[in-house]
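Asks: What follows is a structure written as structure tokens; I'll ask about it next.
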Amino acid sequence: MLSRLVLLSVLVVIPGQGRQPSFLSISDHEEILLPSETQSAFTVKSRYVENESRSYILVSVQDQGVLQVVNVTRSTPNATHFLVVVQTYGPGDTALRVQLWDVRGERRWLVEESEAVHVTVVGGRASRHLSQRARDLTALALVIALPVVLLNKCAFGCKIEPETLRGLWRKPLPVVLGAAIQFILMPFWGFLLTRVWQLPQALAFGFILTCTCPGGGGGYLYALLLDGDITLAISMTCSLTVLSLFAMPINSYVYSRALGLSASLHIPLVKMMATLLSIATPISVGVIIKQRAPQYAQYLERIIRPLTSLLVVLGIYLGVQMGSHFLTGVRLDLLLIALLIPVFGLLLGYCFSSRIFKLPGPVSKTVAIESGVQNAFLALAVIQLSFPPAEADMMSVAPFVVALSAAGEMLLIVLVYNARKKSVRLD
């Protein structure tokens with residue numbers, strides 16, 4: 001029984017010898033991505049015509065510590081396509097040698113040979129990479145984080161200014177600007193980056209899908225720490241999440257066709273509605289507290305900054321722990337792409353809002369944050385619901401590295417901003 005079987009049928013021409021035609025095609029961009037510690041499979045397509053003969057292929061592995069070939073069979077009895085089943089081990093890179101042989105009677109000869117196929121085995125199952133102590137710490141962090149998150153959102157509700165909210169309905173330019181950057185420019189930027197680095201289709205689509213996700217709860221946390229417009233941040237998060245119900249399927253259709261993918265996309269409506277409710281409910285409680293019991297609202301407003309700082313640190317820790325099995329063996333080019341995605345959104349949002357449309361400083365900061373910090377865990381949910389498990393694990397590398405890169409960059413910005421504020425006060 002094969003566990004988590006993935007058929008990676010792809011189109012790279014293996015160079016033949018001399019003027020002989022190339023009969024075999026294997027893998028996108030001469031590279032195969034496989035999850036670690038599982039059995040997976042890929043298809044070798046053959047265009048070799050059998051006339052009173054029978055062809056077969058031999059597959060050998062350069063580094064058998066990374067993976068080993070289990071068996072090679074024809075995909076169907078009369079087909080010339082072959083299914084190669086492999087057992088992967090730890091993360092790493094190796095090369096395959098593929099030979100196409102023809103047999104007629106007792107004679108056999110080598111039709112074609114290639115060593116041009118590169119295989120990358122990426123991190124697989126979390127339970128085999130996390131120690132028991134790390135899992136216990138993660139569970140403890142989750143227990144601490146949940147009540148802190150609810151209390152923090154309630155405190156944010158106490159800071160909402162009704163007049164600002166009414167003004168946003170009259171002048172929705174910040175929301176419109178954020179939507180244009182988030183759902184038009186960011187996916188295109190992700191597409192360009194993945195084409196420049198020639199990423200395999202699965203990884204490329206993971207990055208693009210992450211770019212087309214709306215901002216998450218982290219947006220208004222950073223808006224608070226950077227003296228942005230908190231009311232606008234919460235409004236943009238909710239508005240863009242609703243708009244993403246339409247924008248994400250459209251972007252996914254366009255860019256999946258551009259990459260040559262045809263997988264249908266399942267938008268997790270329940271998760272998205274839960275995201276909206278998880279934001280709106282405790283914040284609404286905070287608004288009611290401010291109107292009915294302003295003395296308690298003052299206490300909540302005092303603790304909002306230390307709670308927010310604690311949540312940022314907890315978020316980074318949990319992201320590393322929960323995503324460590326995806327991040328094992330991540331290449332340098334993937335990290336560079338993940339760093340460039342949030343930077344582009346932040347710079348674009350701030351330049352458009354501040355330099356071109358001359359919006360106030362707090363508003364410009366908020367538009368920049370909402371444009372550059374994506375809800376990467378929404379992208380993860382979409383990927384896990386839309387693709388086979390092994391392929392989904394490969395794609396999931398993208399939202400995790402983007403989420404951690406964005407958190408690291410925003411934490412650095414917050415530290416620099418607060419250091420500058422303190423130096424100005426001392427002067």
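Ordered as shown in the structure tokens, chains take letters A, B, and onward, while each chain numbers its residues from 1 and ligands are numbered from 1 in the order shown.
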Enumerate as a PyMOL selection string all residues of region 299-404 of chain A assigned to alpha helix (DSSP H) by DSSP on the backbone, naming them with the chain letters and numbers the document uses.

Replies: chain A and resi 299-327+332-350+361-372+376-386+389-395+397-404

Asks: Near Pro147 (chain A), within 12 Å and counting only C-alpha atoms, which residues show up once chain neighbours fewer than 6 positions away are dropped, as a list in words?

Replies: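 Once the nearby chain positions are removed, what remains is Ala141, Lys153, Cys154, Pro282, Leu307 and Leu311 of chain A.
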
Asks: Please produce a file of the residues just selected, as a PDB file, in the first residue's frame, where the atoms kept are C-alpha atoms.

Replies:
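File result_4.pdb, as written:
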```pdb
ATOM      1  CA  ALA A 141       2.106  28.443  24.170  1.00  0.00           C
ATOM      2  CA  LYS A 153      -8.984  41.939  20.581  1.00  0.00           C
ATOM      3  CA  CYS A 154     -11.410  43.143  23.217  1.00  0.00           C
ATOM      4  CA  PRO A 282     -14.338  40.265  20.824  1.00  0.00           C
ATOM      5  CA  LEU A 307      -0.237  42.079  25.223  1.00  0.00           C
ATOM      6  CA  LEU A 311       1.446  37.927  20.915  1.00  0.00           C
TER       7      LEU A 311
END
```

Asks: Just want the 9 Å neighbourhood of Val72 (chain A), counted on only C-alpha atoms, with same-chain residues fewer than 2 positions away dropped. Output as a ChimeraX atom specification.

Replies: /A:56-59,69-70,74,82-86

Asks: Between A:Ala202, A:Ile250, A:Val44, A:Ala407, single out the one closest to Phe387 (chain A), counting only C-alpha atoms.

Replies: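 Counting only C-alpha atoms, the residue closest to Phe387 (chain A) is A:Ala202.
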
Asks: Might you pull out every residue within 12 Å of Ser239 (chain A), with only C-alpha atoms counted and same-chain residues fewer than 3 positions away left off, and present them as a PyMOL selection string?

Replies: chain A and resi 168-169+172+174-176+178-179+182+214-216+232-236+242-246+272+275-276+279-280+370
